[in-house]
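upload_10.csv (CSV, C-alpha atoms and all ligand atoms)
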```csv
chain,number,residue,atom,x,y,z
A,1,MET,CA,0.0,0.0,0.0
A,2,VAL,CA,2.6,2.5,1.1
A,3,ASP,CA,5.1,1.9,-1.8
A,4,GLU,CA,2.6,1.6,-4.6
A,5,GLN,CA,-0.2,4.0,-3.6
A,6,ILE,CA,1.5,6.6,-1.5
A,7,ALA,CA,5.3,7.0,-2.0
A,8,ARG,CA,5.0,6.4,-5.7
A,9,ARG,CA,2.4,9.3,-5.9
A,10,GLY,CA,4.8,11.7,-4.3
A,11,VAL,CA,4.4,11.6,-0.5
A,12,THR,CA,8.0,11.8,0.9
A,13,ASP,CA,7.6,12.6,4.6
A,14,THR,CA,9.2,9.5,6.2
A,15,ALA,CA,7.3,10.0,9.5
A,16,VAL,CA,4.0,9.7,7.5
A,17,LEU,CA,5.2,6.7,5.5
A,18,ASP,CA,6.4,5.0,8.6
A,19,ALA,CA,3.1,5.7,10.4
A,20,MET,CA,1.1,4.3,7.5
A,21,ARG,CA,3.3,1.2,7.5
A,22,THR,CA,2.7,0.7,11.2
A,23,VAL,CA,-1.0,1.3,11.7
A,24,PRO,CA,-3.0,-1.9,11.0
A,25,ARG,CA,-5.7,-0.5,8.7
A,26,HIS,CA,-7.6,-3.9,8.6
A,27,ARG,CA,-8.4,-3.5,12.3
A,28,PHE,CA,-10.4,-0.3,11.6
A,29,VAL,CA,-12.7,-1.6,8.8
A,30,PRO,CA,-15.8,-3.8,9.3
A,31,ASP,CA,-15.1,-7.5,9.0
A,32,ARG,CA,-16.7,-7.9,5.6
A,33,TYR,CA,-14.2,-5.4,4.1
A,34,ARG,CA,-11.0,-6.8,5.7
A,35,LEU,CA,-9.7,-8.2,2.5
A,36,GLU,CA,-10.1,-4.8,0.9
A,37,ALA,CA,-8.6,-2.8,3.8
A,38,TYR,CA,-5.4,-1.9,2.0
A,39,ALA,CA,-7.0,-1.2,-1.4
A,40,ASP,CA,-6.7,2.2,-3.2
A,41,TYR,CA,-10.2,3.5,-2.4
A,42,PRO,CA,-12.4,4.5,0.6
A,43,LEU,CA,-14.6,1.9,2.3
A,44,PRO,CA,-17.9,2.0,4.2
A,45,ILE,CA,-17.5,2.0,8.0
A,46,GLY,CA,-21.3,2.1,8.9
A,47,GLU,CA,-23.6,4.9,9.8
A,48,ALA,CA,-23.4,6.1,6.1
A,49,GLN,CA,-19.7,7.1,6.7
A,50,THR,CA,-16.4,6.0,5.1
A,51,ILE,CA,-12.8,5.5,5.9
A,52,SER,CA,-10.8,7.7,3.5
A,53,GLN,CA,-8.6,6.3,0.7
A,54,PRO,CA,-5.0,5.6,2.1
A,55,TYR,CA,-3.4,8.1,-0.3
A,56,VAL,CA,-5.7,10.9,0.9
A,57,VAL,CA,-5.0,10.1,4.6
A,58,ALA,CA,-1.2,10.3,3.8
A,59,VAL,CA,-1.5,13.6,1.8
A,60,MET,CA,-3.6,15.2,4.6
A,61,THR,CA,-1.2,14.0,7.3
A,62,GLU,CA,1.9,15.2,5.4
A,63,ALA,CA,0.2,18.6,4.8
A,64,LEU,CA,-0.1,19.1,8.5
A,65,GLY,CA,3.7,19.2,8.8
A,66,LEU,CA,3.7,17.5,12.2
A,67,SER,CA,6.5,17.4,14.7
A,68,PRO,CA,6.8,14.8,17.5
A,69,GLY,CA,5.8,17.4,20.2
A,70,ASP,CA,2.7,18.6,18.5
A,71,THR,CA,-0.9,18.4,19.8
A,72,VAL,CA,-3.4,17.8,17.1
A,73,LEU,CA,-7.2,18.3,16.9
A,74,GLU,CA,-9.1,16.1,14.6
A,75,ILE,CA,-12.8,16.7,13.6
A,76,GLY,CA,-14.4,13.5,12.4
A,77,THR,CA,-12.9,10.4,14.1
A,78,GLY,CA,-14.9,8.0,12.0
A,79,CYS,CA,-13.4,4.6,12.6
A,80,GLY,CA,-10.2,6.1,14.1
A,81,TYR,CA,-7.7,5.2,11.4
A,82,GLN,CA,-6.6,8.7,10.6
A,83,THR,CA,-6.5,9.3,14.3
A,84,ALA,CA,-4.0,6.5,14.8
A,85,VAL,CA,-1.8,7.7,12.0
A,86,LEU,CA,-1.7,11.1,13.6
A,87,ALA,CA,-1.0,9.6,17.0
A,88,GLU,CA,2.0,7.7,15.6
A,89,ILE,CA,3.7,11.0,14.8
A,90,ALA,CA,2.3,13.7,17.2
A,91,ARG,CA,2.5,13.9,21.0
A,92,HIS,CA,-1.3,13.9,21.5
A,93,VAL,CA,-4.4,13.8,19.4
A,94,PHE,CA,-7.8,15.1,20.5
A,95,SER,CA,-10.6,13.8,18.2
A,96,ILE,CA,-14.3,14.7,18.0
A,97,GLU,CA,-16.9,12.5,16.4
A,98,ILE,CA,-20.6,13.5,16.1
A,99,VAL,CA,-22.0,10.0,15.5
A,100,GLU,CA,-22.0,8.2,18.9
A,101,PRO,CA,-21.6,4.6,17.7
A,102,LEU,CA,-18.6,5.5,15.5
A,103,ALA,CA,-16.9,7.4,18.4
A,104,SER,CA,-17.5,4.5,20.8
A,105,HIS,CA,-16.2,1.9,18.3
A,106,ALA,CA,-13.2,4.0,17.4
A,107,GLU,CA,-12.3,4.4,21.1
A,108,PHE,CA,-12.5,0.7,21.6
A,109,THR,CA,-10.3,-0.1,18.6
A,110,LEU,CA,-7.7,2.5,19.5
A,111,ALA,CA,-7.6,1.3,23.1
A,112,ALA,CA,-7.2,-2.3,21.9
A,113,LEU,CA,-4.2,-1.3,19.8
A,114,GLY,CA,-2.7,0.4,22.9
A,115,TYR,CA,-2.8,4.1,21.9
A,116,GLY,CA,-2.4,6.1,25.1
A,117,ASN,CA,-2.1,9.5,23.5
A,118,ILE,CA,-5.6,9.9,22.0
A,119,ASP,CA,-8.8,11.4,23.5
A,120,VAL,CA,-12.0,10.9,21.7
A,121,ARG,CA,-15.1,13.0,22.5
A,122,ILE,CA,-18.7,12.6,21.2
A,123,GLY,CA,-20.1,15.8,19.8
A,124,ASP,CA,-20.1,18.5,17.1
A,125,GLY,CA,-16.6,19.5,16.4
A,126,TYR,CA,-17.5,22.9,14.9
A,127,ARG,CA,-16.5,24.7,18.1
A,128,GLY,CA,-13.4,22.6,18.6
A,129,TRP,CA,-12.1,21.6,22.0
A,130,PRO,CA,-11.1,24.9,23.7
A,131,GLU,CA,-10.0,23.3,27.0
A,132,HIS,CA,-7.0,21.8,25.1
A,133,ALA,CA,-6.3,24.6,22.7
A,134,PRO,CA,-4.2,25.9,21.2
A,135,PHE,CA,-3.3,23.2,18.7
A,136,GLU,CA,-0.3,23.0,16.4
A,137,ALA,CA,-2.4,21.3,13.8
A,138,ILE,CA,-6.1,20.8,13.0
A,139,ILE,CA,-7.5,18.3,10.5
A,140,LEU,CA,-11.1,18.0,9.4
A,141,THR,CA,-12.2,14.7,7.7
A,142,ALA,CA,-15.7,15.9,6.9
A,143,ALA,CA,-16.3,18.9,4.5
A,144,PRO,CA,-17.8,22.2,5.7
A,145,GLU,CA,-18.9,24.8,3.2
A,146,HIS,CA,-17.0,27.5,5.1
A,147,ILE,CA,-14.0,27.5,7.4
A,148,PRO,CA,-15.2,27.2,11.0
A,149,GLN,CA,-13.8,30.4,12.8
A,150,PRO,CA,-13.7,28.7,16.2
A,151,LEU,CA,-11.2,26.2,14.8
A,152,VAL,CA,-9.1,28.9,13.3
A,153,ASP,CA,-9.1,30.6,16.7
A,154,GLN,CA,-7.8,27.4,18.4
A,155,LEU,CA,-4.7,27.1,16.0
A,156,ILE,CA,-1.4,28.6,17.1
A,157,ILE,CA,0.3,31.2,14.9
A,158,GLY,CA,2.3,29.1,12.4
A,159,GLY,CA,-0.1,26.2,12.8
A,160,ARG,CA,-1.8,24.4,9.9
A,161,MET,CA,-5.3,23.3,9.2
A,162,VAL,CA,-6.1,20.8,6.5
A,163,LEU,CA,-9.7,20.3,5.4
A,164,PRO,CA,-11.9,19.3,2.5
A,165,LEU,CA,-13.9,22.5,1.7
A,166,GLY,CA,-17.0,23.0,-0.3
A,167,ALA,CA,-20.4,21.4,-1.1
A,168,SER,CA,-20.6,19.4,-4.3
A,169,ASN,CA,-17.3,20.8,-5.6
A,170,GLN,CA,-14.8,20.2,-2.8
A,171,SER,CA,-11.1,20.9,-2.7
A,172,LEU,CA,-8.5,19.8,-0.2
A,173,VAL,CA,-7.3,23.1,1.4
A,174,VAL,CA,-4.2,23.7,3.5
A,175,LEU,CA,-4.3,26.8,5.7
A,176,THR,CA,-1.4,28.3,7.6
A,177,LYS,CA,-2.2,30.8,10.3
A,178,THR,CA,0.0,33.8,10.3
A,179,ALA,CA,0.0,37.0,12.4
A,180,GLU,CA,-1.5,38.7,9.3
A,181,GLY,CA,-4.2,36.1,8.7
A,182,LEU,CA,-4.7,32.8,6.9
A,183,GLN,CA,-2.5,31.6,4.0
A,184,ARG,CA,-4.5,29.3,1.8
A,185,GLU,CA,-3.3,26.6,-0.6
A,186,GLU,CA,-5.7,24.4,-2.6
A,187,ARG,CA,-4.4,20.9,-3.5
A,188,PHE,CA,-6.8,18.9,-5.5
A,189,GLY,CA,-10.5,18.0,-5.8
A,190,VAL,CA,-11.9,15.6,-3.2
A,191,ARG,CA,-15.2,14.0,-2.2
A,192,PHE,CA,-15.8,13.8,1.5
A,193,VAL,CA,-19.0,13.4,3.5
A,194,PRO,CA,-20.4,16.8,4.6
A,195,MET,CA,-19.6,18.2,8.0
A,196,THR,CA,-22.9,18.1,9.8
A,197,GLY,CA,-24.2,20.1,12.9
A,198,GLU,CA,-23.4,23.8,13.2
A,199,ALA,CA,-21.3,23.9,10.1
A,200,GLN,CA,-24.5,23.6,8.1
A,201,ASN,CA,-25.6,26.9,9.7
A,202,PRO,CA,-24.1,29.6,7.5
A,203,GLN,CA,-23.5,32.1,10.4
A,204,ASP,CA,-20.1,32.6,11.9
A,205,SER,CA,-18.0,31.9,8.9
A,206,ALA,CA,-14.4,33.0,8.0
A,207,ARG,CA,-14.6,32.6,4.2
B,1,LIG,C1,-14.8,10.6,6.1
B,1,LIG,S1,-15.3,10.2,7.7
B,1,LIG,C2,-13.9,10.1,8.7
B,1,LIG,C3,-12.9,9.1,8.3
B,1,LIG,C4,-11.8,9.0,9.2
B,1,LIG,N1,-10.7,9.8,8.9
B,1,LIG,C5,-11.4,7.5,9.4
B,1,LIG,O1,-10.2,7.2,9.3
B,1,LIG,O2,-12.3,6.7,9.5
B,1,LIG,C6,-15.9,11.8,8.4
B,1,LIG,C7,-16.4,11.7,9.8
B,1,LIG,O3,-16.8,13.0,10.2
B,1,LIG,C8,-17.9,12.9,11.1
B,1,LIG,N2,-18.5,14.3,11.2
B,1,LIG,C9,-19.3,14.9,10.4
B,1,LIG,N3,-19.6,16.1,10.8
B,1,LIG,C10,-19.0,16.2,12.1
B,1,LIG,C11,-19.0,17.3,13.1
B,1,LIG,N4,-19.7,18.4,13.0
B,1,LIG,N5,-18.3,17.0,14.2
B,1,LIG,C12,-17.6,15.9,14.4
B,1,LIG,N6,-17.6,14.9,13.5
B,1,LIG,C13,-18.3,15.0,12.3
B,1,LIG,C14,-18.7,11.9,10.4
B,1,LIG,O4,-19.7,11.3,11.3
B,1,LIG,C15,-17.7,10.9,9.9
B,1,LIG,O5,-17.5,9.9,10.9
```
Represent the structure from my file as structure tokens, please.
Amino acid sequence: MVDEQIARRGVTDTAVLDAMRTVPRHRFVPDRYRLEAYADYPLPIGEAQTISQPYVVAVMTEALGLSPGDTVLEIGTGCGYQTAVLAEIARHVFSIEIVEPLASHAEFTLAALGYGNIDVRIGDGYRGWPEHAPFEAIILTAAPEHIPQPLVDQLIIGGRMVLPLGASNQSLVVLTKTAEGLQREERFGVRFVPMTGEAQNPQDSAR
């Protein structure tokens, strides 16, 4: 998976490649998809949600530019696979999932694999996790139509936020917070599930 789908397509960060070699992706997918766990596409994880394609997980993780001492906020735990990849590299990962059965199942899987540097919370991630802010990096794995300002507020200056942005036409966007504002880089078109909850309320946006 890593050699053929990820390194060959240009991901070079060795911490990301090592993390993706380490995390057992088959432990995060439903039993009936185990044989396809390392295939080059997303898979259903129940509750009408998906685990992202391995390449997209790698690109998003690399774009965060993580260091070993970093604290990361993830919005959209899903099955916990991306969470585990982040936890292999960063010091601590705080992850919020709005669908209760997914959050509970992800917590179970991550605990069974021995991850001690992850906290999962059930709820709407739109307002982040202020008690643990600021974060060096924030990743969204569901697509809002606007950038949630509370998440920007919880990022350190110099920190990065990676998210799929948009409704039917989504792009993978990498934001860097500077003292002057947000620097924005668009990578490529993606198709993620929509961010639900308060993100679907058009107030309070930082377009
Ligand atoms: C593409 S899936 C996540 C895939 C995940 N990276 C994985 O490895 O399984 C997106 C997740 O975001 C969750 N989600 C959507 N809106 C959310 C919100 N407002 N707050 C927290 N989680 C949300 C969905 O329930 C879904 O589980």
Nearby residues, (-13.9, 0.7, 15.9) file frame, 7 Å, all atoms listed in the file, as a VMD selection string: chain A and resid 28 79 to 80 102 105 to 109
Neighbour residues at most 6 Å from (-0.3, 21.3, 22.3) (all atoms listed in the file) as a PyMOL selection string: chain A and resi 70-71+135
Which residue gives the smallest distance to A:Ile51 among A:Gln170, A:Gln82, A:Gln149, A:Thr176, with only C-alpha atoms counted? A:Gln82
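If only C-alpha atoms are the atoms counted, then among A:Thr22, A:Gln183, A:Thr61, A:Gln53 the closest residue to A:Glu36 is A:Gln53.
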List as a list in words the protein and nucleic acid residues lying within 6 Å of ligand LIG 1 (chain B), with all atoms listed in the file counted. Gln49, Thr50, Ile51, Ser52, Ile75, Gly76, Thr77, Gly78, Cys79, Gly80, Tyr81, Gln82, Ile96, Glu97, Ile98, Val99, Gly123, Asp124, Gly125, Tyr126, Thr141, Ala142, Phe192, Val193, Met195, Thr196 and Gly197 of chain A
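Closest to A:Asp13 among A:Glu62, A:His132, A:Gly46, A:His26 is A:Glu62, based on all atoms listed in the file.
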Near A:Ala37, counting only C-alpha atoms, which residues have an atom at most 10 Å away, once you skip same-chain residues fewer than 3 positions from it, shown as number ranges by chain? A: 1, 24-34, 40-43, 51, 53-54
Print the selection's residues with C-alpha atoms to a file, as a PDB file, in the frame of the given file.
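Output file result-v1.pdb is given in full below:
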```pdb
ATOM      1  CA  MET A   1       0.000   0.000   0.000  1.00  0.00           C
ATOM      2  CA  PRO A  24      -3.000  -1.900  11.000  1.00  0.00           C
ATOM      3  CA  ARG A  25      -5.700  -0.500   8.700  1.00  0.00           C
ATOM      4  CA  HIS A  26      -7.600  -3.900   8.600  1.00  0.00           C
ATOM      5  CA  ARG A  27      -8.400  -3.500  12.300  1.00  0.00           C
ATOM      6  CA  PHE A  28     -10.400  -0.300  11.600  1.00  0.00           C
ATOM      7  CA  VAL A  29     -12.700  -1.600   8.800  1.00  0.00           C
ATOM      8  CA  PRO A  30     -15.800  -3.800   9.300  1.00  0.00           C
ATOM      9  CA  ASP A  31     -15.100  -7.500   9.000  1.00  0.00           C
ATOM     10  CA  ARG A  32     -16.700  -7.900   5.600  1.00  0.00           C
ATOM     11  CA  TYR A  33     -14.200  -5.400   4.100  1.00  0.00           C
ATOM     12  CA  ARG A  34     -11.000  -6.800   5.700  1.00  0.00           C
ATOM     13  CA  ASP A  40      -6.700   2.200  -3.200  1.00  0.00           C
ATOM     14  CA  TYR A  41     -10.200   3.500  -2.400  1.00  0.00           C
ATOM     15  CA  PRO A  42     -12.400   4.500   0.600  1.00  0.00           C
ATOM     16  CA  LEU A  43     -14.600   1.900   2.300  1.00  0.00           C
ATOM     17  CA  ILE A  51     -12.800   5.500   5.900  1.00  0.00           C
ATOM     18  CA  GLN A  53      -8.600   6.300   0.700  1.00  0.00           C
ATOM     19  CA  PRO A  54      -5.000   5.600   2.100  1.00  0.00           C
TER      20      PRO A  54
END
```
Where does stretch 17-69 of chain A meet stretch 151-165 of chain A within 10 Å, residue by residue, with the nearest atom pair and distance in Å to one decimal for each, counting all atoms listed in the file, listed by chain and rising number, as a tab-separated table?
```
residue	atom	partner	partner_atom	distance
A:Val59	CA	A:Val162	CA	9.8
A:Met60	CA	A:Val162	CA	6.4
A:Thr61	CA	A:Val162	CA	8.4
A:Glu62	CA	A:Val162	CA	9.8
A:Ala63	CA	A:Val162	CA	6.9
A:Leu64	CA	A:Arg160	CA	5.7
A:Gly65	CA	A:Arg160	CA	7.6
A:Leu66	CA	A:Arg160	CA	9.1
```
Provide the atom CA of A:Tyr115 to atom CA of A:Leu17 distance in Å, to one decimal place. 18.4 Å
Taking into account all atoms listed in the file, which residue in the set A:Ala167, A:Ala179, A:Leu140, A:Met20 is nearest to A:Tyr55? A:Met20
